[in-house]
file input_16.cif (mmCIF, N, CA and C atoms)
data_structure
#
loop_
_atom_site.label_atom_id
_atom_site.label_comp_id
_atom_site.auth_asym_id
_atom_site.auth_seq_id
_atom_site.Cartn_x
_atom_site.Cartn_y
_atom_site.Cartn_z
N MET Y 1 50.53 -9.67 63.64
CA MET Y 1 49.29 -10.30 63.25
C MET Y 1 48.29 -9.30 62.74
N ALA Y 2 48.35 -8.14 63.30
CA ALA Y 2 47.43 -7.10 62.87
C ALA Y 2 47.67 -6.78 61.40
N THR Y 3 48.89 -6.86 60.96
CA THR Y 3 49.22 -6.57 59.57
C THR Y 3 48.68 -7.66 58.68
N LYS Y 4 48.78 -8.91 59.12
CA LYS Y 4 48.26 -10.02 58.33
C LYS Y 4 46.76 -9.92 58.18
N ASN Y 5 46.07 -9.58 59.25
CA ASN Y 5 44.62 -9.43 59.22
C ASN Y 5 44.23 -8.32 58.25
N THR Y 6 44.90 -7.25 58.30
CA THR Y 6 44.61 -6.12 57.45
C THR Y 6 44.87 -6.49 55.99
N ALA Y 7 45.95 -7.19 55.72
CA ALA Y 7 46.26 -7.62 54.36
C ALA Y 7 45.21 -8.62 53.88
N ALA Y 8 44.80 -9.53 54.76
CA ALA Y 8 43.79 -10.52 54.40
C ALA Y 8 42.45 -9.82 54.17
N ASP Y 9 42.15 -8.85 55.03
CA ASP Y 9 40.90 -8.09 54.85
C ASP Y 9 40.93 -7.32 53.53
N LEU Y 10 42.07 -6.72 53.26
CA LEU Y 10 42.21 -5.94 52.03
C LEU Y 10 42.10 -6.84 50.81
N THR Y 11 42.71 -8.00 50.87
CA THR Y 11 42.63 -8.96 49.77
C THR Y 11 41.19 -9.44 49.60
N GLY Y 12 40.53 -9.70 50.70
CA GLY Y 12 39.14 -10.15 50.66
C GLY Y 12 38.23 -9.07 50.08
N MET Y 13 38.46 -7.83 50.50
CA MET Y 13 37.65 -6.72 49.99
C MET Y 13 37.88 -6.52 48.50
N MET Y 14 39.15 -6.61 48.09
CA MET Y 14 39.46 -6.43 46.67
C MET Y 14 38.87 -7.57 45.85
N SER Y 15 38.98 -8.77 46.39
CA SER Y 15 38.43 -9.93 45.71
C SER Y 15 36.92 -9.80 45.55
N LYS Y 16 36.23 -9.39 46.63
CA LYS Y 16 34.78 -9.21 46.59
C LYS Y 16 34.42 -8.08 45.64
N SER Y 17 35.18 -7.02 45.69
CA SER Y 17 34.93 -5.87 44.83
C SER Y 17 35.08 -6.28 43.36
N MET Y 18 36.12 -7.03 43.05
CA MET Y 18 36.34 -7.50 41.68
C MET Y 18 35.24 -8.47 41.26
N THR Y 19 34.86 -9.36 42.17
CA THR Y 19 33.80 -10.32 41.87
C THR Y 19 32.48 -9.58 41.59
N ASP Y 20 32.19 -8.58 42.42
CA ASP Y 20 30.97 -7.79 42.23
C ASP Y 20 31.03 -7.03 40.90
N ALA Y 21 32.18 -6.46 40.59
CA ALA Y 21 32.32 -5.70 39.34
C ALA Y 21 32.15 -6.61 38.14
N VAL Y 22 32.76 -7.79 38.18
CA VAL Y 22 32.63 -8.76 37.08
C VAL Y 22 31.19 -9.22 36.95
N ALA Y 23 30.53 -9.48 38.07
CA ALA Y 23 29.13 -9.91 38.04
C ALA Y 23 28.24 -8.81 37.46
N GLU Y 24 28.53 -7.56 37.84
CA GLU Y 24 27.75 -6.44 37.32
C GLU Y 24 27.98 -6.28 35.81
N MET Y 25 29.25 -6.42 35.38
CA MET Y 25 29.55 -6.33 33.95
C MET Y 25 28.85 -7.44 33.17
N GLN Y 26 28.84 -8.66 33.74
CA GLN Y 26 28.17 -9.77 33.08
C GLN Y 26 26.66 -9.51 32.98
N ALA Y 27 26.08 -8.99 34.04
CA ALA Y 27 24.64 -8.71 34.05
C ALA Y 27 24.30 -7.64 33.01
N LYS Y 28 25.13 -6.61 32.94
CA LYS Y 28 24.89 -5.54 31.96
C LYS Y 28 25.11 -6.05 30.54
N ALA Y 29 26.10 -6.88 30.36
CA ALA Y 29 26.35 -7.45 29.04
C ALA Y 29 25.18 -8.33 28.62
N GLN Y 30 24.67 -9.14 29.56
CA GLN Y 30 23.52 -10.00 29.27
C GLN Y 30 22.29 -9.15 28.94
N GLU Y 31 22.10 -8.08 29.71
CA GLU Y 31 20.96 -7.18 29.47
C GLU Y 31 21.07 -6.53 28.09
N ALA Y 32 22.27 -6.09 27.72
CA ALA Y 32 22.47 -5.48 26.40
C ALA Y 32 22.25 -6.51 25.29
N TYR Y 33 22.71 -7.72 25.51
CA TYR Y 33 22.52 -8.79 24.53
C TYR Y 33 21.03 -9.09 24.36
N ASP Y 34 20.32 -9.22 25.47
CA ASP Y 34 18.88 -9.49 25.41
C ASP Y 34 18.14 -8.36 24.70
N LYS Y 35 18.51 -7.13 25.01
CA LYS Y 35 17.87 -5.98 24.39
C LYS Y 35 18.16 -5.96 22.89
N GLY Y 36 19.41 -6.23 22.52
CA GLY Y 36 19.79 -6.27 21.11
C GLY Y 36 19.07 -7.38 20.37
N THR Y 37 18.98 -8.55 21.01
CA THR Y 37 18.27 -9.67 20.40
C THR Y 37 16.81 -9.33 20.21
N GLY Y 38 16.22 -8.68 21.20
CA GLY Y 38 14.82 -8.27 21.10
C GLY Y 38 14.61 -7.27 19.97
N MET Y 39 15.55 -6.33 19.84
CA MET Y 39 15.44 -5.34 18.77
C MET Y 39 15.58 -5.99 17.40
N VAL Y 40 16.51 -6.93 17.27
CA VAL Y 40 16.69 -7.63 15.99
C VAL Y 40 15.43 -8.42 15.66
N SER Y 41 14.87 -9.08 16.66
CA SER Y 41 13.64 -9.84 16.45
C SER Y 41 12.51 -8.91 16.03
N GLU Y 42 12.40 -7.78 16.70
CA GLU Y 42 11.34 -6.81 16.36
C GLU Y 42 11.56 -6.24 14.96
N MET Y 43 12.81 -5.97 14.61
CA MET Y 43 13.10 -5.44 13.28
C MET Y 43 12.78 -6.48 12.20
N THR Y 44 13.07 -7.74 12.50
CA THR Y 44 12.77 -8.80 11.56
C THR Y 44 11.26 -8.91 11.35
N GLU Y 45 10.50 -8.85 12.43
CA GLU Y 45 9.04 -8.89 12.33
C GLU Y 45 8.51 -7.70 11.54
N MET Y 46 9.10 -6.54 11.78
CA MET Y 46 8.68 -5.33 11.08
C MET Y 46 8.95 -5.47 9.59
N ALA Y 47 10.14 -5.96 9.24
CA ALA Y 47 10.50 -6.15 7.83
C ALA Y 47 9.57 -7.16 7.17
N LYS Y 48 9.26 -8.23 7.88
CA LYS Y 48 8.34 -9.25 7.35
C LYS Y 48 6.96 -8.63 7.10
N GLY Y 49 6.49 -7.83 8.02
CA GLY Y 49 5.20 -7.15 7.85
C GLY Y 49 5.23 -6.19 6.67
N ASN Y 50 6.36 -5.51 6.49
CA ASN Y 50 6.49 -4.58 5.36
C ASN Y 50 6.41 -5.32 4.03
N VAL Y 51 7.09 -6.45 3.95
CA VAL Y 51 7.05 -7.24 2.72
C VAL Y 51 5.63 -7.74 2.47
N GLU Y 52 4.96 -8.19 3.51
CA GLU Y 52 3.58 -8.65 3.36
C GLU Y 52 2.68 -7.52 2.88
N ALA Y 53 2.90 -6.31 3.38
CA ALA Y 53 2.11 -5.15 2.95
C ALA Y 53 2.36 -4.85 1.47
N LEU Y 54 3.62 -4.95 1.04
CA LEU Y 54 3.93 -4.72 -0.38
C LEU Y 54 3.28 -5.78 -1.27
N VAL Y 55 3.31 -7.02 -0.82
CA VAL Y 55 2.68 -8.10 -1.59
C VAL Y 55 1.18 -7.85 -1.69
N GLU Y 56 0.56 -7.48 -0.57
CA GLU Y 56 -0.88 -7.19 -0.57
C GLU Y 56 -1.19 -6.03 -1.50
N SER Y 57 -0.37 -4.99 -1.47
CA SER Y 57 -0.57 -3.85 -2.37
C SER Y 57 -0.47 -4.29 -3.83
N GLY Y 58 0.48 -5.14 -4.12
CA GLY Y 58 0.63 -5.66 -5.48
C GLY Y 58 -0.58 -6.45 -5.94
N LYS Y 59 -1.13 -7.25 -5.05
CA LYS Y 59 -2.34 -8.02 -5.38
C LYS Y 59 -3.52 -7.09 -5.66
N ILE Y 60 -3.66 -6.06 -4.81
CA ILE Y 60 -4.75 -5.10 -5.00
C ILE Y 60 -4.58 -4.37 -6.33
N LEU Y 61 -3.34 -3.96 -6.64
CA LEU Y 61 -3.07 -3.27 -7.89
C LEU Y 61 -3.40 -4.17 -9.09
N ALA Y 62 -2.95 -5.41 -9.04
CA ALA Y 62 -3.20 -6.33 -10.16
C ALA Y 62 -4.70 -6.53 -10.37
N ALA Y 63 -5.43 -6.74 -9.28
CA ALA Y 63 -6.87 -6.95 -9.39
C ALA Y 63 -7.56 -5.68 -9.92
N GLY Y 64 -7.12 -4.51 -9.43
CA GLY Y 64 -7.71 -3.25 -9.88
C GLY Y 64 -7.46 -2.98 -11.35
N VAL Y 65 -6.23 -3.23 -11.80
CA VAL Y 65 -5.90 -3.03 -13.21
C VAL Y 65 -6.69 -4.01 -14.07
N GLN Y 66 -6.84 -5.23 -13.60
CA GLN Y 66 -7.62 -6.22 -14.34
C GLN Y 66 -9.08 -5.77 -14.46
N ASP Y 67 -9.65 -5.27 -13.36
CA ASP Y 67 -11.03 -4.80 -13.39
C ASP Y 67 -11.18 -3.60 -14.34
N MET Y 68 -10.23 -2.67 -14.26
CA MET Y 68 -10.30 -1.50 -15.13
C MET Y 68 -10.17 -1.90 -16.60
N THR Y 69 -9.27 -2.84 -16.89
CA THR Y 69 -9.10 -3.31 -18.26
C THR Y 69 -10.37 -3.98 -18.77
N LYS Y 70 -10.97 -4.77 -17.90
CA LYS Y 70 -12.22 -5.44 -18.27
C LYS Y 70 -13.31 -4.39 -18.55
N SER Y 71 -13.37 -3.37 -17.72
CA SER Y 71 -14.35 -2.30 -17.90
C SER Y 71 -14.11 -1.56 -19.21
N TYR Y 72 -12.84 -1.25 -19.51
CA TYR Y 72 -12.53 -0.57 -20.77
C TYR Y 72 -12.88 -1.44 -21.97
N ALA Y 73 -12.64 -2.73 -21.86
CA ALA Y 73 -12.98 -3.65 -22.96
C ALA Y 73 -14.49 -3.70 -23.17
N GLU Y 74 -15.25 -3.71 -22.08
CA GLU Y 74 -16.71 -3.71 -22.19
C GLU Y 74 -17.21 -2.41 -22.82
N GLU Y 75 -16.59 -1.28 -22.42
CA GLU Y 75 -16.97 0.02 -23.00
C GLU Y 75 -16.64 0.06 -24.49
N ALA Y 76 -15.49 -0.48 -24.86
CA ALA Y 76 -15.11 -0.50 -26.28
C ALA Y 76 -16.07 -1.37 -27.09
N LYS Y 77 -16.46 -2.48 -26.52
CA LYS Y 77 -17.41 -3.37 -27.21
C LYS Y 77 -18.76 -2.66 -27.38
N ALA Y 78 -19.21 -2.00 -26.30
CA ALA Y 78 -20.49 -1.27 -26.38
C ALA Y 78 -20.40 -0.14 -27.40
N ALA Y 79 -19.26 0.55 -27.44
CA ALA Y 79 -19.08 1.64 -28.41
C ALA Y 79 -19.10 1.10 -29.84
N TYR Y 80 -18.48 -0.04 -30.05
CA TYR Y 80 -18.49 -0.65 -31.39
C TYR Y 80 -19.91 -1.03 -31.80
N GLU Y 81 -20.65 -1.63 -30.87
CA GLU Y 81 -22.02 -2.03 -31.18
C GLU Y 81 -22.90 -0.80 -31.46
N THR Y 82 -22.69 0.26 -30.69
CA THR Y 82 -23.44 1.50 -30.90
C THR Y 82 -23.09 2.10 -32.26
N MET Y 83 -21.81 2.12 -32.60
CA MET Y 83 -21.38 2.67 -33.88
C MET Y 83 -21.97 1.87 -35.05
N THR Y 84 -21.98 0.57 -34.92
CA THR Y 84 -22.55 -0.29 -35.96
C THR Y 84 -24.03 0.02 -36.15
N ALA Y 85 -24.75 0.15 -35.02
CA ALA Y 85 -26.18 0.48 -35.09
C ALA Y 85 -26.37 1.86 -35.71
N ASP Y 86 -25.52 2.83 -35.37
CA ASP Y 86 -25.61 4.18 -35.94
C ASP Y 86 -25.40 4.15 -37.45
N LEU Y 87 -24.41 3.38 -37.90
CA LEU Y 87 -24.14 3.29 -39.34
C LEU Y 87 -25.33 2.68 -40.09
N LYS Y 88 -25.94 1.67 -39.50
CA LYS Y 88 -27.12 1.06 -40.12
C LYS Y 88 -28.26 2.07 -40.19
N GLU Y 89 -28.41 2.83 -39.10
CA GLU Y 89 -29.46 3.83 -39.05
C GLU Y 89 -29.19 4.93 -40.08
N MET Y 90 -27.93 5.33 -40.24
CA MET Y 90 -27.58 6.36 -41.21
C MET Y 90 -27.82 5.86 -42.64
N ALA Y 91 -27.60 4.57 -42.84
CA ALA Y 91 -27.80 4.00 -44.17
C ALA Y 91 -29.28 4.00 -44.55
N SER Y 92 -30.15 4.00 -43.56
CA SER Y 92 -31.59 3.96 -43.85
C SER Y 92 -32.22 5.36 -43.94
N VAL Y 93 -31.40 6.42 -43.81
CA VAL Y 93 -31.90 7.80 -43.87
C VAL Y 93 -32.41 8.09 -45.28
N LYS Y 94 -33.55 8.83 -45.35
CA LYS Y 94 -34.18 9.10 -46.64
C LYS Y 94 -34.00 10.55 -47.10
N SER Y 95 -33.65 11.46 -46.17
CA SER Y 95 -33.52 12.86 -46.58
C SER Y 95 -32.36 13.52 -45.82
N PRO Y 96 -31.85 14.64 -46.35
CA PRO Y 96 -30.78 15.35 -45.67
C PRO Y 96 -31.22 15.86 -44.29
N THR Y 97 -32.45 16.27 -44.13
CA THR Y 97 -32.96 16.74 -42.84
C THR Y 97 -32.91 15.62 -41.82
N GLU Y 98 -33.34 14.46 -42.23
CA GLU Y 98 -33.30 13.29 -41.35
C GLU Y 98 -31.85 12.97 -40.96
N LEU Y 99 -30.92 13.10 -41.90
CA LEU Y 99 -29.50 12.85 -41.63
C LEU Y 99 -28.97 13.83 -40.60
N PHE Y 100 -29.29 15.13 -40.76
CA PHE Y 100 -28.81 16.13 -39.79
C PHE Y 100 -29.40 15.89 -38.40
N GLN Y 101 -30.65 15.50 -38.33
CA GLN Y 101 -31.27 15.20 -37.03
C GLN Y 101 -30.59 13.99 -36.37
N LEU Y 102 -30.34 12.97 -37.17
CA LEU Y 102 -29.67 11.77 -36.66
C LEU Y 102 -28.25 12.10 -36.19
N GLN Y 103 -27.53 12.89 -36.98
CA GLN Y 103 -26.17 13.28 -36.58
C GLN Y 103 -26.18 14.07 -35.27
N GLY Y 104 -27.14 14.95 -35.10
CA GLY Y 104 -27.26 15.72 -33.85
C GLY Y 104 -27.53 14.80 -32.67
N LYS Y 105 -28.42 13.84 -32.87
CA LYS Y 105 -28.74 12.87 -31.81
C LYS Y 105 -27.50 12.05 -31.44
N ILE Y 106 -26.77 11.58 -32.44
CA ILE Y 106 -25.56 10.78 -32.21
C ILE Y 106 -24.49 11.62 -31.51
N LEU Y 107 -24.34 12.86 -31.96
CA LEU Y 107 -23.34 13.75 -31.37
C LEU Y 107 -23.64 14.00 -29.89
N ARG Y 108 -24.88 14.29 -29.55
CA ARG Y 108 -25.25 14.53 -28.15
C ARG Y 108 -25.01 13.28 -27.30
N ARG Y 109 -25.44 12.13 -27.82
CA ARG Y 109 -25.27 10.89 -27.07
C ARG Y 109 -23.79 10.57 -26.87
N ASN Y 110 -22.98 10.74 -27.89
CA ASN Y 110 -21.55 10.45 -27.78
C ASN Y 110 -20.85 11.44 -26.85
N PHE Y 111 -21.27 12.70 -26.88
CA PHE Y 111 -20.69 13.70 -25.99
C PHE Y 111 -21.02 13.35 -24.53
N ASP Y 112 -22.27 12.99 -24.26
CA ASP Y 112 -22.67 12.60 -22.90
C ASP Y 112 -21.89 11.36 -22.44
N ALA Y 113 -21.73 10.40 -23.33
CA ALA Y 113 -20.99 9.18 -22.99
C ALA Y 113 -19.53 9.50 -22.70
N MET Y 114 -18.95 10.41 -23.51
CA MET Y 114 -17.56 10.80 -23.30
C MET Y 114 -17.39 11.50 -21.95
N MET Y 115 -18.32 12.38 -21.61
CA MET Y 115 -18.22 13.09 -20.34
C MET Y 115 -18.34 12.11 -19.16
N ALA Y 116 -19.26 11.16 -19.27
CA ALA Y 116 -19.42 10.17 -18.20
C ALA Y 116 -18.16 9.33 -18.06
N SER Y 117 -17.61 8.91 -19.19
CA SER Y 117 -16.41 8.09 -19.16
C SER Y 117 -15.21 8.88 -18.65
N THR Y 118 -15.12 10.13 -19.04
CA THR Y 118 -14.00 10.97 -18.64
C THR Y 118 -14.01 11.22 -17.13
N SER Y 119 -15.17 11.37 -16.53
CA SER Y 119 -15.23 11.59 -15.08
C SER Y 119 -15.07 10.28 -14.32
N LYS Y 120 -15.45 9.18 -14.93
CA LYS Y 120 -15.37 7.87 -14.26
C LYS Y 120 -13.92 7.38 -14.14
N ALA Y 121 -13.12 7.60 -15.17
CA ALA Y 121 -11.74 7.08 -15.19
C ALA Y 121 -10.88 7.63 -14.05
N PRO Y 122 -10.84 8.95 -13.83
CA PRO Y 122 -10.01 9.45 -12.72
C PRO Y 122 -10.53 8.98 -11.35
N GLU Y 123 -11.84 8.87 -11.20
CA GLU Y 123 -12.39 8.39 -9.93
C GLU Y 123 -11.94 6.95 -9.67
N SER Y 124 -12.00 6.12 -10.71
CA SER Y 124 -11.57 4.73 -10.57
C SER Y 124 -10.08 4.65 -10.26
N ALA Y 125 -9.29 5.46 -10.95
CA ALA Y 125 -7.84 5.45 -10.73
C ALA Y 125 -7.51 5.93 -9.31
N MET Y 126 -8.20 6.96 -8.83
CA MET Y 126 -7.94 7.47 -7.48
C MET Y 126 -8.33 6.44 -6.43
N LYS Y 127 -9.47 5.78 -6.63
CA LYS Y 127 -9.89 4.75 -5.69
C LYS Y 127 -8.87 3.61 -5.66
N LEU Y 128 -8.42 3.20 -6.84
CA LEU Y 128 -7.41 2.13 -6.91
C LEU Y 128 -6.13 2.55 -6.20
N ALA Y 129 -5.69 3.78 -6.43
CA ALA Y 129 -4.47 4.27 -5.78
C ALA Y 129 -4.63 4.25 -4.26
N ASN Y 130 -5.77 4.68 -3.76
CA ASN Y 130 -6.01 4.67 -2.30
C ASN Y 130 -6.02 3.24 -1.77
N ASP Y 131 -6.66 2.34 -2.50
CA ASP Y 131 -6.72 0.94 -2.07
C ASP Y 131 -5.33 0.31 -2.06
N VAL Y 132 -4.52 0.63 -3.07
CA VAL Y 132 -3.16 0.07 -3.17
C VAL Y 132 -2.29 0.59 -2.03
N MET Y 133 -2.46 1.85 -1.67
CA MET Y 133 -1.62 2.45 -0.64
C MET Y 133 -2.06 2.09 0.79
N ALA Y 134 -3.27 1.59 0.96
CA ALA Y 134 -3.79 1.31 2.31
C ALA Y 134 -2.89 0.39 3.13
N PRO Y 135 -2.44 -0.77 2.61
CA PRO Y 135 -1.57 -1.63 3.44
C PRO Y 135 -0.23 -0.96 3.77
N ILE Y 136 0.32 -0.21 2.83
CA ILE Y 136 1.59 0.45 3.07
C ILE Y 136 1.42 1.57 4.10
N THR Y 137 0.34 2.31 3.99
CA THR Y 137 0.05 3.37 4.95
C THR Y 137 -0.11 2.80 6.35
N ALA Y 138 -0.75 1.65 6.45
CA ALA Y 138 -0.93 1.01 7.76
C ALA Y 138 0.44 0.65 8.36
N ARG Y 139 1.36 0.17 7.54
CA ARG Y 139 2.70 -0.18 8.04
C ARG Y 139 3.46 1.07 8.47
N VAL Y 140 3.33 2.14 7.71
CA VAL Y 140 4.01 3.39 8.08
C VAL Y 140 3.46 3.89 9.41
N ASN Y 141 2.14 3.84 9.56
CA ASN Y 141 1.52 4.28 10.82
C ASN Y 141 2.02 3.44 11.99
N LEU Y 142 2.15 2.13 11.77
CA LEU Y 142 2.65 1.25 12.82
C LEU Y 142 4.09 1.61 13.18
N ALA Y 143 4.91 1.87 12.18
CA ALA Y 143 6.31 2.24 12.43
C ALA Y 143 6.40 3.55 13.21
N VAL Y 144 5.58 4.52 12.82
CA VAL Y 144 5.58 5.80 13.53
C VAL Y 144 5.14 5.60 14.98
N GLU Y 145 4.14 4.76 15.17
CA GLU Y 145 3.65 4.47 16.52
C GLU Y 145 4.75 3.83 17.37
N LYS Y 146 5.48 2.87 16.79
CA LYS Y 146 6.55 2.20 17.54
C LYS Y 146 7.68 3.17 17.86
N ILE Y 147 8.01 4.05 16.91
CA ILE Y 147 9.06 5.03 17.15
C ILE Y 147 8.62 6.00 18.25
N SER Y 148 7.35 6.38 18.24
CA SER Y 148 6.83 7.29 19.26
C SER Y 148 6.92 6.67 20.64
N LYS Y 149 6.59 5.39 20.73
CA LYS Y 149 6.66 4.69 22.02
C LYS Y 149 8.10 4.55 22.51
N ALA Y 150 9.02 4.32 21.55
CA ALA Y 150 10.42 4.15 21.91
C ALA Y 150 11.04 5.46 22.40
N ALA Y 151 10.55 6.55 21.84
CA ALA Y 151 11.12 7.86 22.22
C ALA Y 151 10.60 8.34 23.52
#

call {"tool": "encode", "arguments": {"input": "input_16.cif", "output": "structure tokens"}}
result
Amino acid sequence: MATKNTAADLTGMMSKSMTDAVAEMQAKAQEAYDKGTGMVSEMTEMAKGNVEALVESGKILAAGVQDMTKSYAEEAKAAYETMTADLKEMASVKSPTELFQLQGKILRRNFDAMMASTSKAPESAMKLANDVMAPITARVNLAVEKISKAA
């Protein structure tokens, strides 16, 4: 009888040990599945945010280019009107001295306008570039922050 008890005890212990091992494997598998599902969900949210940032950047770029184009068109119109007025003024000149004075005045004014326009264009372009990159930069910062927390 002692042998039967020992065999029954051994079978019971092995059965419990196997049951515990299977339960532990199932728990770990469930934990890994949940973690994987969470990561996929987080990655999907991250990708969605990235696409939204790109769309926002595109909208900012389109609006900025439209504003710059409108500004250039207004400057071209103003330059045409100024040139027309200059030609009329030149046509009314009565002496060569008057013509040279008028040409000097026009040259100075056009040079000043060119310098103002030349400095304005890069500033506008740089501001637009910064505005366009802002949503993307925010997403990169968020990704770096998440990676830092994960590590």

call {"tool": "closest_residue", "arguments": {"input": "input_16.cif", "among": "Y:Val40, Y:Met90, Y:Asn130, Y:Thr82", "to": "Y:Gly104", "atoms": "only C-alpha atoms"}}
result
Y:Met90

call {"tool": "atom_distance", "arguments": {"input": "input_16.cif", "atom1": "atom CA of Y:Val65", "atom2": "atom N of Y:Ala125"}}
result
9.4 Å

call {"tool": "atom_distance", "arguments": {"input": "input_16.cif", "atom1": "atom CA of Y:Glu145", "atom2": "atom CA of Y:Met133"}}
result
18.1 Å

call {"tool": "atom_distance", "arguments": {"input": "input_16.cif", "atom1": "atom CA of Y:Pro122", "atom2": "atom CA of Y:Ala79"}}
result
19.7 Å

call {"tool": "resolve_selection", "arguments": {"input": "input_16.cif", "expression": "the PyMOL selection byres (((chain Y and resi 50 and name CA) around 12) and name CA)", "output": "list in words"}}
result
Met43, Thr44, Glu45, Met46, Ala47, Lys48, Gly49, Val51, Glu52, Ala53, Leu54, Val55, Glu56, Ser57, Pro135, Ile136, Thr137, Ala138, Arg139, Val140, Asn141, Leu142 and Ala143 of chain Y

call {"tool": "decode", "arguments": {"input": "input_16.cif", "residues": "stretch 74-139 of chain Y", "atoms": "C-alpha atoms", "output": "short mmCIF file (atom, residue, chain, number, x, y, z; two decimals), in the first residue's frame"}}
result
data_model
loop_
_atom_site.label_atom_id
_atom_site.label_comp_id
_atom_site.auth_asym_id
_atom_site.auth_seq_id
_atom_site.Cartn_x
_atom_site.Cartn_y
_atom_site.Cartn_z
CA GLU Y 74 0.80 92.94 -55.35
CA GLU Y 75 4.47 93.98 -55.54
CA ALA Y 76 4.50 93.39 -59.31
CA LYS Y 77 1.35 95.46 -59.72
CA ALA Y 78 2.82 98.28 -57.61
CA ALA Y 79 6.06 98.13 -59.63
CA TYR Y 80 4.11 98.35 -62.88
CA GLU Y 81 2.13 101.34 -61.62
CA THR Y 82 5.33 103.03 -60.43
CA MET Y 83 7.05 102.38 -63.77
CA THR Y 84 4.07 103.81 -65.66
CA ALA Y 85 4.14 106.94 -63.49
CA ASP Y 86 7.93 107.24 -64.01
CA LEU Y 87 7.54 107.01 -67.79
CA LYS Y 88 4.88 109.73 -67.75
CA GLU Y 89 7.13 111.87 -65.59
CA MET Y 90 10.09 111.27 -67.94
CA ALA Y 91 7.93 112.24 -70.90
CA SER Y 92 7.22 115.60 -69.28
CA VAL Y 93 10.93 116.43 -68.71
CA LYS Y 94 12.01 119.72 -70.32
CA SER Y 95 15.81 119.60 -70.03
CA PRO Y 96 18.67 117.08 -69.84
CA THR Y 97 19.47 118.24 -66.28
CA GLU Y 98 15.92 117.54 -65.20
CA LEU Y 99 16.16 114.09 -66.85
CA PHE Y 100 19.38 113.23 -64.97
CA GLN Y 101 17.86 114.35 -61.66
CA LEU Y 102 14.74 112.27 -62.31
CA GLN Y 103 16.82 109.23 -63.27
CA GLY Y 104 18.85 109.56 -60.06
CA LYS Y 105 15.66 109.79 -57.99
CA ILE Y 106 14.18 106.73 -59.74
CA LEU Y 107 17.43 104.78 -59.36
CA ARG Y 108 17.65 105.46 -55.61
CA ARG Y 109 13.99 104.59 -55.06
CA ASN Y 110 14.25 101.37 -57.08
CA PHE Y 111 17.47 100.37 -55.31
CA ASP Y 112 15.85 100.91 -51.89
CA ALA Y 113 12.78 98.93 -52.98
CA MET Y 114 14.99 96.10 -54.28
CA MET Y 115 16.92 95.94 -51.01
CA ALA Y 116 13.70 95.87 -48.96
CA SER Y 117 12.24 93.16 -51.18
CA THR Y 118 15.45 91.14 -51.17
CA SER Y 119 15.61 91.06 -47.37
CA LYS Y 120 11.88 90.38 -47.01
CA ALA Y 121 11.79 87.27 -49.25
CA PRO Y 122 14.25 85.10 -47.26
CA GLU Y 123 12.61 86.12 -43.98
CA SER Y 124 9.20 85.10 -45.32
CA ALA Y 125 10.56 81.83 -46.68
CA MET Y 126 12.32 81.01 -43.38
CA LYS Y 127 9.18 81.77 -41.37
CA LEU Y 128 7.12 79.58 -43.70
CA ALA Y 129 9.65 76.74 -43.41
CA ASN Y 130 9.55 76.95 -39.60
CA ASP Y 131 5.74 77.00 -39.60
CA VAL Y 132 5.58 74.02 -41.97
CA MET Y 133 8.01 71.99 -39.87
CA ALA Y 134 6.33 72.76 -36.51
CA PRO Y 135 3.74 69.90 -36.61
CA ILE Y 136 6.36 67.41 -37.80
CA THR Y 137 8.83 68.54 -35.15
CA ALA Y 138 6.15 68.09 -32.50
CA ARG Y 139 5.60 64.49 -33.65
#
